[in-house]
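A.B. asks: This is the structure, below, for whatever I ask next.
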Amino acid sequence: MINPKLPKVFYGGDYNPDQWPREIWDEDVRLFKLANIDIATLPVFSWAHLQPDETRYNFEWLDEILDLLVKNGVYACMATSTAAHPAWMARRHPDVLRVDFHGRKHKYGQRHNSCPHSPTYRHYAPEMAKALATRYKDHPSLVIWHVSNEFGGACYCENCAAAFRGWLQKRYGSLEEVNERWCTRFWGHTFYDWEEIVPPNTLSEHLSPYDQTRTAFQGISLDYSRFMSDSILECYLLERDALKEITPDVPVTTNLMGHFKPLDYFAWAPHLDVISWDSYPPMQVKPWNVALLHDLMRGLKEGQPFMLMEQTPSQQNWQAHNSLKRPGVLRLWSYQAMAHGSDAIMYFQLRRSQGACEKWHGAVISHAGHENTRVFRESAELGKELKELGSDVLDGRIEAEVAMIFDWENWWAVEYSSGPSQDLKYVPLIHEYYGALWRAGFPVDFVHPSFDLSKYKIVIAPLLYLVQPGFAEKVEKFVQAGGTFVTTVYSGMVDENDRAVLGGYPGPLRKVLGIWAEEFDAVPPELKNEIVMASALGDLQGSYECGMLHGLIHAEGAEAVATFGKDFYAGMPAVTRNGFGKGAAWYIATDPDTKFIEGLMGHLCAEHGIEPALAPTEGVEVTQRKNAGRTLTFVLNHNAEPVQVDLTPVAGRELLSGEQMSGTAELPGRGVWIIEKGG
Amino acid sequence: MINPKLPKVFYGGDYNPDQWPREIWDEDVRLFKLANIDIATLPVFSWAHLQPDETRYNFEWLDEILDLLVKNGVYACMATSTAAHPAWMARRHPDVLRVDFHGRKHKYGQRHNSCPHSPTYRHYAPEMAKALATRYKDHPSLVIWHVSNEFGGACYCENCAAAFRGWLQKRYGSLEEVNERWCTRFWGHTFYDWEEIVPPNTLSEHLSPYDQTRTAFQGISLDYSRFMSDSILECYLLERDALKEITPDVPVTTNLMGHFKPLDYFAWAPHLDVISWDSYPPMQVKPWNVALLHDLMRGLKEGQPFMLMEQTPSQQNWQAHNSLKRPGVLRLWSYQAMAHGSDAIMYFQLRRSQGACEKWHGAVISHAGHENTRVFRESAELGKELKELGSDVLDGRIEAEVAMIFDWENWWAVEYSSGPSQDLKYVPLIHEYYGALWRAGFPVDFVHPSFDLSKYKIVIAPLLYLVQPGFAEKVEKFVQAGGTFVTTVYSGMVDENDRAVLGGYPGPLRKVLGIWAEEFDAVPPELKNEIVMASALGDLQGSYECGMLHGLIHAEGAEAVATFGKDFYAGMPAVTRNGFGKGAAWYIATDPDTKFIEGLMGHLCAEHGIEPALAPTEGVEVTQRKNAGRTLTFVLNHNAEPVQVDLTPVAGRELLSGEQMSGTAELPGRGVWIIEKGG
Amino acid sequence: MINPKLPKVFYGGDYNPDQWPREIWDEDVRLFKLANIDIATLPVFSWAHLQPDETRYNFEWLDEILDLLVKNGVYACMATSTAAHPAWMARRHPDVLRVDFHGRKHKYGQRHNSCPHSPTYRHYAPEMAKALATRYKDHPSLVIWHVSNEFGGACYCENCAAAFRGWLQKRYGSLEEVNERWCTRFWGHTFYDWEEIVPPNTLSEHLSPYDQTRTAFQGISLDYSRFMSDSILECYLLERDALKEITPDVPVTTNLMGHFKPLDYFAWAPHLDVISWDSYPPMQVKPWNVALLHDLMRGLKEGQPFMLMEQTPSQQNWQAHNSLKRPGVLRLWSYQAMAHGSDAIMYFQLRRSQGACEKWHGAVISHAGHENTRVFRESAELGKELKELGSDVLDGRIEAEVAMIFDWENWWAVEYSSGPSQDLKYVPLIHEYYGALWRAGFPVDFVHPSFDLSKYKIVIAPLLYLVQPGFAEKVEKFVQAGGTFVTTVYSGMVDENDRAVLGGYPGPLRKVLGIWAEEFDAVPPELKNEIVMASALGDLQGSYECGMLHGLIHAEGAEAVATFGKDFYAGMPAVTRNGFGKGAAWYIATDPDTKFIEGLMGHLCAEHGIEPALAPTEGVEVTQRKNAGRTLTFVLNHNAEPVQVDLTPVAGRELLSGEQMSGTAELPGRGVWIIEKGG
């Protein structure tokens, strides 16, 4: 439970009362009650309002609204308001302004705009957190701290350059080691003095203003990505520590953003008491793309329930076409978050702003200002349901037997790579394999390479280009003990500094996979190859299309489960399986079509006796959360049309309706059941 | 009449004798005579030649050519030559150089390159105008002043920043008011000191170097657009005032550019004695796209005849593919300009330059240098016709009963908007509605929201996102009195500072429209919806395709003329009509297909008894100019093939041929008639 | 022979031993022997390693590897290592860093990064060359000097600006002449002081950051292109002179890059003892596209054999999809280079780097590090063949009767041009005409306009927009004497300063062509026209498609061989032939389809009795190299399938197999023969 003060699914969201005259606050509170809203995130962007200069604070308005809210049953997810520095700070202390990827010193504007190594920012931001904690430590509204907002971005200023040199010194000890790790003998880049190292951007090593991944030196760019993620984490920690000193027992979070590339969220997660994140899927998203992100966010803290900190109740403003959530979708997607581990359903935003770039972003309270809107009604109905659910769904854990590896450092490295193809992208492949598992109803945990694998039966690591030290040994142990490990083409190529493995690809994974990959052929996407099965494997037989990248591999103990059907490497293994101890390790030497991946995932799960909670129905998502001996089965119909679902394995009480359910029943279009097995 | 010195349609254009040796001048004069050219615009880009340093002028060559020209019947549209500063000025007074949208201080180059708040520019440009006026005030050639050239561009330097703060102070009085207007509480942008405000560009509030409309703060960006338009207007006025002081009776103009977004031409127009503009349509333009621009330019000064200051006699140089004007097109498009109110037909350029980036731009005199070219012949024939026409066509007024609203501030605002869709663009919608009226033969006036509407029967305001103060009240009065007002989806959304209207869209237009728009759904363009007519309306019946943006509206007194056919808002009103006083106000809650718009325009005109001058024929344009009891009917065949036209309603003398015309006659492909009714 | 020390086709490539520990060097030498490698290019990027500061050198490691190599039969193509400056130099002497096209001063990074007018660079680079020459002048390994690497790029700093002014002073004598040449009266750009001239980039005359060809002033941009090419050549010469002073008899080269636009290789060529170049065709290249580049590189020094300095043995790393060379392609393309005049087959690189952006670029020795790879085997087999060939193929000359004009200055000028169309590109047209000749088996020489034409029967000059002084007179003489000259639309348009010709296009070529081109119509590419033959001409009859650009020309003595079939210029000449003296000059007033060009080329060759060495077979390339009375015929099958080839005209000994060949024989897919006629 995030905070026993509010023992239910949190329901509310971002709230900016300082944008509105005082009389609106009373109207807000009336509407919050109507909508069963019990939490408000504030003050998210009020730094300038709270602090008009270096020495003065202006907390009175905040006192007043917090009192008003809590008196009306609305708790505070209390933000530290530091995500955009005040204009006065930018003018008087320009070190707070960033230098961008093109080497340009910025002037005042936008948000998420502070240099992470600005002495000014590092002084005033934690001071603000401390001031808030001091003032509100005993305020009855306080249930959780929300540090800053959607941390991100990068800076290339002289302060950052100096800090980067310090970071390198600490990580590598000597300049000789840096030269070695980055292979600076290449193109004569040997450094003789720390001061010679400059941040990698379009004034130095980067080749394109349009594509930030195009670098001449992967080593420095990869380390700068690590350094920036660490630098921004330090800024978070400065505020977190200031808060913890005063309110050690209040949980602290900051809102993450799913597949947000600049920050290694696995490195951040230990420092958050609870993960929270912002989910903004577009209209035509597939349900598994959203489910994946919930699972990834849940995985950051190894399964601990998280918070959906932001979603829109209706539409976004920054997409190409900002469609409305169709009726029922808000409710469906809210329960989907809960089905994957969320214990909070929160919005950006409670009341629509009147000005600036987010005024057309959806909100519970529209510009019309009253409750007579479709969006308010849907929000209020959901609020009522969540209130009635009470604490029943909290703290439930998902038990997955399949894990997928996700590693930000690998993501950075593989996309900085020059070759084998600009089309080699990490995240789409993750979605491809995850989607196949989702559609078959198998729950998945996302794990970092440093995590324990022993509790899983299957571990899938698509495109694990960069192999972390020690990971290969862990995989060997895992497979030895009976596990199935699956990886794909261009895995095992480099070490943690993007240095190619010597002696034969896939380097550290070669032993467990039982193969040697001699060459890789990347061809234009219109030139498809095919995977020809050596013999049937579960549902897999005949041949499948595959594309773009092809490993020319030699079995060294592994068996060729399938071979390439075309080109000069026809007959060479396309898919291998290496029995290793009690388990097996698979290598997929290309990017197969969806049917093949589905077939292979099905086969591997069947081998391990892994079964979905309910028989799969197209567009219907089923997950289970377990806690204290209770099993809640979430059944979500992502179709607009009703479906028949056989509930026999999970029969029991449906919590939203209170009805007993068993056998086959009809779930309406976009409908949701939460069934307590045997309940 | 622009100037009684030259009581006919001006015929000539830009002329750069200083690019040529003296002996060419005599040849030019010979050729001008052959072509019946009677006006030359000069010296447009001669600042450096006329003024070699801060203190010296070099006017002798200009004396000589002006004398030569006027002796040969060629008058001067006398330019002030300040549209590109001299290189010496850039080197010695770098304040004259601009800082661009990316924050980069420019060096010397290009044209239209002076910072509008450069003290140097503001000193020397009017000084040059004054020197020219002093020298040539009594020169017989002088018929009109042409200040600078194609004003435009923007600057973001420190001088502009300071001036922007002054402009804001003057407009809003206090910093508190600026904070209020821009909603700076959003993202904590509160300003405590004027100096904290910096120009909005990619170093501050703007989000993209590729798309200048993407801003984080609409309020500041919108005001900077106003400020820049005003700033450049001030530069124009400095020169204008210098000229007027010496030659108070000589008209002053500067050449505008149609749909040129950076300058609010409605704000400029009162300061020009006559509107002039440059028209460069591409080969595959539709005739109504050109007609619209003539009408818009005519509308700037409420119908006063204007000048076509520049067109090419053959081809441009800067298009993707610079096609030649097909034989007859030069003549056709020249008369089209006159048909819409032009009293001048002028070219860029009289003689083709030998060097730099416009040398492949068409000219009356080609690089061959003689008269034996197709282009010269066509130009000369047209010159002869215009000479023979004499003063007959001058000063004629077009009488339109339909007005369309056009508002630069609305254009800026709607395209700075983040949401509902990047595809929501102002100008294409204006062309869509205008085109339907053009094809049916209905004349249209373009009016600013501040203009008098009472003389019109129908006022159409597509996408009037920003509603100027007082406009809604004016519309109510107009409709009350029997007028028809038409507006479309996403109108009535914000005030003049881009702050969303509160209490229900479409805000100030809600009363007259009798509707409430609850939500707006923007969907990818491939997801079409349909408009289903409640009952037949004129030619409109059944259903029509509509797209992208859909208003979910509630009738509050209005009747639903049509409803949406699909999606979850099927059955909600797609088109409404609200009877209001003696008139009616229409709201089109989506972007309908062309057939629907044509049908609706036809229906509304029929309701008001508005009829075209002649029955419409595809590709044939008919307009009427009236003056002193005479009515001239222009009939223009935009088809390459001949057409039959029934002239009965306008029978009379055809001015170009001198023949009497009545009944049905054949107009050749690309042919033109100017018929004096009863003449 | 490049150097009698190594009297055979050089076989080897770039080698970076300093990237590897000492023990790898022995392994390298073992593998080089296995692969019959006899030359290594080094040290290409070792400046920082060789020179740790201003005063110290570190040559010991280089001594050691050079000794080791030569002891094992591997000679040195000795590089001067100056293609990337050391980081210490950038920090201590920032003048070495460039200012880019956007006016941004760079920091340390990448390669080919030195400002060509940096005093630091101009001091230390030749010093390094001198130090290397001094140390290794008598080293037995030294066979050729390789200055820097792939010279290129541009700088816009103040040092370059000053040098540009000096270059202009030298070229034009006076500022008045500069103003005249650049037509600075246009847009009032008159310069009164040399200091007013600034380099043309996006801070001055250039209009787009995305397309560097878009300039407002062609004159200055064209001269800056010349200046930069000259400036970089000066840097080359500083090193070359330093080397020559010490080792006057060792040949010096630097590796060129085919169609590399920034450098006028014809101006460079006299200063290289032997041309060398780097060839990196993509997978789906046509064989004639590669052949053309070999011929162009051979043409730089009027037919003298050249060196293929770099190619990949397998794949690149920087293409969109880095495909492997299919089996046999490495051998086929290597012999193709030799078939066109190369006396060296060399790779980038001998051993694959472990880090940074080229680690996925192919190499003879892979990351696996051993000889058991497909690529190593193919490389070794080729090495064996080349060893066995010995000196037999060296020094052979190709005798062509057809010449094509190629002129970098014309390339720059035509693509800086604003108009007639952005689609008018020089190089694709060169490939279009060359391809037609290649497919028919006719050898082609590329010549600069300043070269002697008298040895050719046909000279083809596609799109010769800029005509060099004296060229037209040379063409007249050439045609007078019986030659055939062919040029195409938009030739003869400007002088060497991009000033339009006056008096009638195509200016200086008008006399020999017997035409006047009145206008040019560029239409969108979907609007095709057609060429209608006046009567049959060889295989040409009926009509052919043509596109985009159309000259409206008048015959002035020439006959209309074909006319346009459509549009208002239907019936005007589309292709003309002007009998002139004993020869004829052709003008093709549009861009015809491939069939027409093939037909015309065939007709002209037939007229001159030019015949291919063997009858053409699709996909089979045939060339002949002649030396000392011996004729070697190269027959290359670019098809993957075998073909039948009638060898009768060249019967003799096939050098690779040693077999006698005559009559018709089967050449395997991707197979190669080198047949010594009568041998």
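Lettering and numbering for the structure tokens are positional, with chains as A, B, ... in the shown order, residues counted from 1 in each chain, and ligands counted from 1 in the shown order.
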Could you pull out all residues of stretch 4-138 of chain B with a DSSP call of strand (DSSP E) and give them as number ranges by chain?
C.D. replies: B: 10-14, 39-42, 75-79
A.B. asks: Please, which residues of chain A lie no more than 8 Å from chain B when the count uses only C-alpha atoms, and can they be set out as a PyMOL selection string?
C.D. replies: chain A and resi 18-19+45-49+52+84-88+90-91+104-111+316-324+326-327+353-361+367-369+373
A.B. asks: Can I get the selection written as a tab-separated table (two decimals), in the first residue's frame, with N, CA and C atoms?
C.D. replies:
chain	number	residue	atom	x	y	z
A	18	ASP	N	-3.07	27.46	-8.93
A	18	ASP	CA	-2.47	28.79	-9.08
A	18	ASP	C	-2.71	29.40	-10.46
A	19	GLN	N	-3.20	28.60	-11.40
A	19	GLN	CA	-3.56	29.18	-12.70
A	19	GLN	C	-4.97	29.79	-12.68
A	45	PHE	N	4.36	22.92	-11.39
A	45	PHE	CA	5.15	23.92	-12.12
A	45	PHE	C	5.02	25.30	-11.49
A	46	SER	N	5.18	25.37	-10.21
A	46	SER	CA	4.92	26.63	-9.52
A	46	SER	C	6.17	27.26	-8.92
A	47	TRP	N	7.33	26.84	-9.36
A	47	TRP	CA	8.55	27.34	-8.74
A	47	TRP	C	8.59	28.88	-8.75
A	48	ALA	N	8.33	29.46	-9.91
A	48	ALA	CA	8.38	30.92	-10.02
A	48	ALA	C	7.34	31.58	-9.11
A	49	HIS	N	6.20	30.94	-8.99
A	49	HIS	CA	5.14	31.51	-8.16
A	49	HIS	C	5.48	31.35	-6.68
A	52	PRO	N	9.69	34.05	-5.58
A	52	PRO	CA	9.86	35.19	-6.48
A	52	PRO	C	11.30	35.70	-6.59
A	84	ALA	N	10.68	23.36	-13.90
A	84	ALA	CA	10.98	24.49	-14.81
A	84	ALA	C	11.47	25.63	-13.92
A	85	HIS	N	12.68	26.09	-14.20
A	85	HIS	CA	13.22	27.16	-13.33
A	85	HIS	C	12.55	28.50	-13.62
A	86	PRO	N	12.52	29.38	-12.63
A	86	PRO	CA	11.92	30.70	-12.84
A	86	PRO	C	12.74	31.54	-13.82
A	87	ALA	N	12.06	32.47	-14.45
A	87	ALA	CA	12.73	33.36	-15.40
A	87	ALA	C	13.79	34.22	-14.70
A	88	TRP	N	13.49	34.61	-13.47
A	88	TRP	CA	14.49	35.45	-12.78
A	88	TRP	C	15.79	34.67	-12.57
A	90	ALA	N	17.00	32.31	-14.52
A	90	ALA	CA	17.71	32.25	-15.81
A	90	ALA	C	18.45	33.54	-16.10
A	91	ARG	N	17.83	34.65	-15.76
A	91	ARG	CA	18.46	35.92	-16.06
A	91	ARG	C	19.64	36.20	-15.13
A	104	ARG	N	24.45	25.25	-28.68
A	104	ARG	CA	23.87	26.58	-28.49
A	104	ARG	C	23.41	26.79	-27.05
A	105	LYS	N	23.88	27.85	-26.44
A	105	LYS	CA	23.43	28.22	-25.10
A	105	LYS	C	22.00	28.71	-25.20
A	106	HIS	N	21.12	28.12	-24.43
A	106	HIS	CA	19.73	28.54	-24.50
A	106	HIS	C	19.46	29.77	-23.64
A	107	LYS	N	18.37	30.41	-23.99
A	107	LYS	CA	17.84	31.51	-23.19
A	107	LYS	C	16.63	30.97	-22.42
A	108	TYR	N	15.91	31.85	-21.80
A	108	TYR	CA	14.81	31.36	-20.96
A	108	TYR	C	13.66	30.81	-21.80
A	109	GLY	N	13.12	29.66	-21.39
A	109	GLY	CA	11.92	29.15	-22.05
A	109	GLY	C	11.67	27.68	-21.78
A	110	GLN	N	10.48	27.23	-22.19
A	110	GLN	CA	10.06	25.84	-22.08
A	110	GLN	C	10.10	25.30	-20.63
A	111	ARG	N	10.36	24.03	-20.48
A	111	ARG	CA	10.38	23.38	-19.15
A	111	ARG	C	11.39	22.25	-19.21
A	316	GLN	N	-4.92	14.04	-26.22
A	316	GLN	CA	-3.68	14.76	-26.01
A	316	GLN	C	-3.74	16.04	-26.85
A	317	ASN	N	-2.68	16.81	-26.79
A	317	ASN	CA	-2.63	17.99	-27.65
A	317	ASN	C	-1.46	17.96	-28.61
A	318	TRP	N	-0.51	17.04	-28.37
A	318	TRP	CA	0.75	17.10	-29.11
A	318	TRP	C	0.88	16.02	-30.16
A	319	GLN	N	-0.15	15.20	-30.34
A	319	GLN	CA	-0.07	14.21	-31.41
A	319	GLN	C	-0.43	14.85	-32.74
A	320	ALA	N	-0.16	14.12	-33.81
A	320	ALA	CA	-0.49	14.65	-35.14
A	320	ALA	C	-2.01	14.89	-35.25
A	321	HIS	N	-2.78	13.94	-34.75
A	321	HIS	CA	-4.24	14.08	-34.74
A	321	HIS	C	-4.71	13.65	-33.36
A	322	ASN	N	-5.19	14.60	-32.59
A	322	ASN	CA	-5.53	14.31	-31.20
A	322	ASN	C	-6.96	13.83	-31.08
A	323	SER	N	-7.09	12.53	-31.21
A	323	SER	CA	-8.42	11.92	-31.15
A	323	SER	C	-8.90	11.83	-29.71
A	324	LEU	N	-10.19	11.75	-29.56
A	324	LEU	CA	-10.81	11.52	-28.25
A	324	LEU	C	-10.73	10.04	-27.90
A	326	ARG	N	-12.47	6.94	-27.17
A	326	ARG	CA	-13.84	6.52	-27.44
A	326	ARG	C	-14.54	6.15	-26.12
A	327	PRO	N	-15.86	6.24	-26.03
A	327	PRO	CA	-16.55	5.89	-24.77
A	327	PRO	C	-16.13	4.51	-24.27
A	353	SER	N	-6.11	23.85	-18.54
A	353	SER	CA	-5.51	25.18	-18.48
A	353	SER	C	-6.14	26.09	-19.52
A	354	GLN	N	-6.05	27.37	-19.24
A	354	GLN	CA	-6.64	28.30	-20.20
A	354	GLN	C	-5.65	28.73	-21.28
A	355	GLY	N	-4.36	28.68	-20.95
A	355	GLY	CA	-3.40	29.19	-21.92
A	355	GLY	C	-2.22	28.28	-22.15
A	356	ALA	N	-1.41	28.67	-23.11
A	356	ALA	CA	-0.15	28.01	-23.46
A	356	ALA	C	-0.38	26.62	-24.07
A	357	CYS	N	0.69	25.87	-24.23
A	357	CYS	CA	0.66	24.76	-25.19
A	357	CYS	C	-0.09	23.53	-24.75
A	358	GLU	N	-0.59	23.47	-23.53
A	358	GLU	CA	-1.35	22.28	-23.16
A	358	GLU	C	-2.82	22.56	-22.94
A	359	LYS	N	-3.27	23.70	-23.42
A	359	LYS	CA	-4.68	24.05	-23.15
A	359	LYS	C	-5.66	23.15	-23.90
A	360	TRP	N	-5.20	22.51	-24.97
A	360	TRP	CA	-6.10	21.59	-25.68
A	360	TRP	C	-5.88	20.14	-25.25
A	361	HIS	N	-5.14	19.95	-24.17
A	361	HIS	CA	-4.98	18.61	-23.61
A	361	HIS	C	-6.19	18.29	-22.73
A	367	HIS	N	-12.99	23.25	-20.30
A	367	HIS	CA	-13.11	24.71	-20.31
A	367	HIS	C	-14.55	25.16	-20.07
A	368	ALA	N	-15.51	24.29	-20.34
A	368	ALA	CA	-16.90	24.65	-20.05
A	368	ALA	C	-17.07	24.83	-18.55
A	369	GLY	N	-16.30	24.04	-17.77
A	369	GLY	CA	-16.23	24.30	-16.33
A	369	GLY	C	-17.25	23.56	-15.48
A	373	THR	N	-20.48	16.93	-18.98
A	373	THR	CA	-19.76	16.54	-20.18
A	373	THR	C	-19.56	15.03	-20.14
A.B. asks: Tell me which protein, DNA and RNA residues are within 12 Å of A:Ala615, counting only C-alpha atoms, leaving out same-chain ones fewer than 2 positions away, and put them as a list in words.
C.D. replies: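 Using only C-alpha atoms, the neighbours found are Arg439, Ala440, Gly441, Phe442, Glu611, Pro612, Ala613, Thr617, Glu618, Val620, Glu621, Val622, Thr623, Val635, Gln644, Val645, Asp646, Leu647, Thr648, Pro649, Val650 and Thr664 of chain A.
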A.B. asks: Can you write out the residues you just picked, keeping N, CA and C atoms, as a short mmCIF file (atom, residue, chain, number, x, y, z; two decimals), in the first residue's frame?
C.D. replies:
data_model
loop_
_atom_site.label_atom_id
_atom_site.label_comp_id
_atom_site.auth_asym_id
_atom_site.auth_seq_id
_atom_site.Cartn_x
_atom_site.Cartn_y
_atom_site.Cartn_z
N ARG A 439 -0.42 -12.03 -26.88
CA ARG A 439 -1.58 -12.55 -27.62
C ARG A 439 -1.91 -13.98 -27.22
N ALA A 440 -0.91 -14.68 -26.71
CA ALA A 440 -1.15 -16.05 -26.25
C ALA A 440 -1.51 -16.08 -24.76
N GLY A 441 -1.49 -14.94 -24.11
CA GLY A 441 -1.94 -14.88 -22.71
C GLY A 441 -0.88 -15.18 -21.68
N PHE A 442 0.40 -15.16 -22.06
CA PHE A 442 1.46 -15.48 -21.09
C PHE A 442 1.96 -14.22 -20.40
N GLU A 611 0.98 -22.12 -18.98
CA GLU A 611 -0.35 -22.00 -19.58
C GLU A 611 -0.97 -20.66 -19.23
N PRO A 612 -1.75 -20.10 -20.15
CA PRO A 612 -2.44 -18.85 -19.83
C PRO A 612 -3.54 -19.07 -18.80
N ALA A 613 -3.90 -18.01 -18.10
CA ALA A 613 -4.95 -18.11 -17.07
C ALA A 613 -6.28 -18.53 -17.68
N THR A 617 -8.52 -15.28 -26.31
CA THR A 617 -9.54 -14.79 -27.25
C THR A 617 -8.99 -13.52 -27.87
N GLU A 618 -9.17 -13.38 -29.17
CA GLU A 618 -8.55 -12.23 -29.83
C GLU A 618 -9.01 -10.90 -29.22
N VAL A 620 -8.75 -9.91 -26.22
CA VAL A 620 -9.11 -10.00 -24.80
C VAL A 620 -7.84 -10.24 -23.98
N GLU A 621 -7.65 -9.40 -22.99
CA GLU A 621 -6.45 -9.48 -22.17
C GLU A 621 -6.82 -10.04 -20.81
N VAL A 622 -6.02 -10.98 -20.34
CA VAL A 622 -6.27 -11.61 -19.04
C VAL A 622 -4.99 -11.55 -18.22
N THR A 623 -5.09 -11.00 -17.02
CA THR A 623 -3.94 -11.03 -16.12
C THR A 623 -4.42 -11.40 -14.73
N VAL A 635 -10.10 -9.38 -16.63
CA VAL A 635 -10.45 -9.75 -18.00
C VAL A 635 -10.88 -8.46 -18.71
N GLN A 644 -17.45 -13.81 -26.02
CA GLN A 644 -17.77 -14.89 -25.08
C GLN A 644 -16.46 -15.36 -24.44
N VAL A 645 -16.47 -15.46 -23.12
CA VAL A 645 -15.26 -15.90 -22.43
C VAL A 645 -15.59 -17.04 -21.48
N ASP A 646 -14.79 -18.09 -21.56
CA ASP A 646 -15.00 -19.22 -20.65
C ASP A 646 -14.20 -18.98 -19.37
N LEU A 647 -14.93 -18.75 -18.29
CA LEU A 647 -14.30 -18.34 -17.04
C LEU A 647 -14.05 -19.48 -16.08
N THR A 648 -14.35 -20.67 -16.51
CA THR A 648 -14.29 -21.82 -15.61
C THR A 648 -13.06 -21.84 -14.70
N PRO A 649 -11.84 -21.64 -15.25
CA PRO A 649 -10.67 -21.79 -14.38
C PRO A 649 -10.59 -20.74 -13.28
N VAL A 650 -11.34 -19.64 -13.39
CA VAL A 650 -11.17 -18.57 -12.41
C VAL A 650 -12.49 -18.20 -11.73
N THR A 664 -19.21 -19.91 -19.24
CA THR A 664 -18.96 -18.94 -20.30
C THR A 664 -19.91 -17.76 -20.14
#
A.B. asks: State, in Å with one decimal place, the distance from atom CA of C:Met257 to atom CA of C:Ser276.
C.D. replies: 8.6 Å
A.B. asks: Leaving out A:Arg135 and any residue of its chain fewer than 6 positions from it, which residues lie within 12 Å of it when counting only C-alpha atoms, given as a list in words?
C.D. replies: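 The residues that qualify are Tyr57, Asn58, Phe59, Glu60, Leu62, Asp63, Leu66, Met78, Met128, Ala129, Leu142, Leu243, Ile246 and Thr247 of chain A.
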A.B. asks: With only C-alpha atoms as the atoms that count, which of B:Ala163, B:Cys77, B:Met338, B:Leu42 lies nearest to B:Asp395?
C.D. replies: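 Of B:Ala163, B:Cys77, B:Met338, B:Leu42, the one nearest B:Asp395 is B:Met338, counting only C-alpha atoms.
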A.B. asks: State, in Å with one decimal place, the distance from atom CA of C:Leu293 to atom CA of C:Ile405.
C.D. replies: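 Computed distance, atom CA of C:Leu293 to atom CA of C:Ile405, equals 13.4 Å.
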A.B. asks: Take atom CA of C:Gly602 and atom CA of C:Gly435 and report the distance between them in Å, one decimal.
C.D. replies: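 Atom-to-atom, atom CA of C:Gly602 and atom CA of C:Gly435 are spaced 12.0 Å apart.
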A.B. asks: If you count only C-alpha atoms, which residues fall within 7 Å of stretch 20-34 of chain A, apart from same-chain ones fewer than 4 positions away, as a list in words?
C.D. replies: Leu69, Asn72, Glu371 and Ala380 of chain A
A.B. asks: Those selected residues, please, written with N, CA and C atoms and delivered as a CSV table (one decimal), in the first residue's frame.
C.D. replies:
chain,number,residue,atom,x,y,z
A,69,LEU,N,-8.4,21.3,0.1
A,69,LEU,CA,-8.5,20.0,-0.5
A,69,LEU,C,-8.7,18.9,0.6
A,72,ASN,N,-11.8,18.4,2.1
A,72,ASN,CA,-12.8,17.8,1.2
A,72,ASN,C,-12.4,16.4,0.7
A,371,GLU,N,-20.0,19.9,-14.8
A,371,GLU,CA,-20.0,18.5,-14.8
A,371,GLU,C,-20.7,17.8,-15.9
A,380,ALA,N,-16.2,10.4,-13.5
A,380,ALA,CA,-16.9,10.3,-12.2
A,380,ALA,C,-17.4,8.8,-12.0
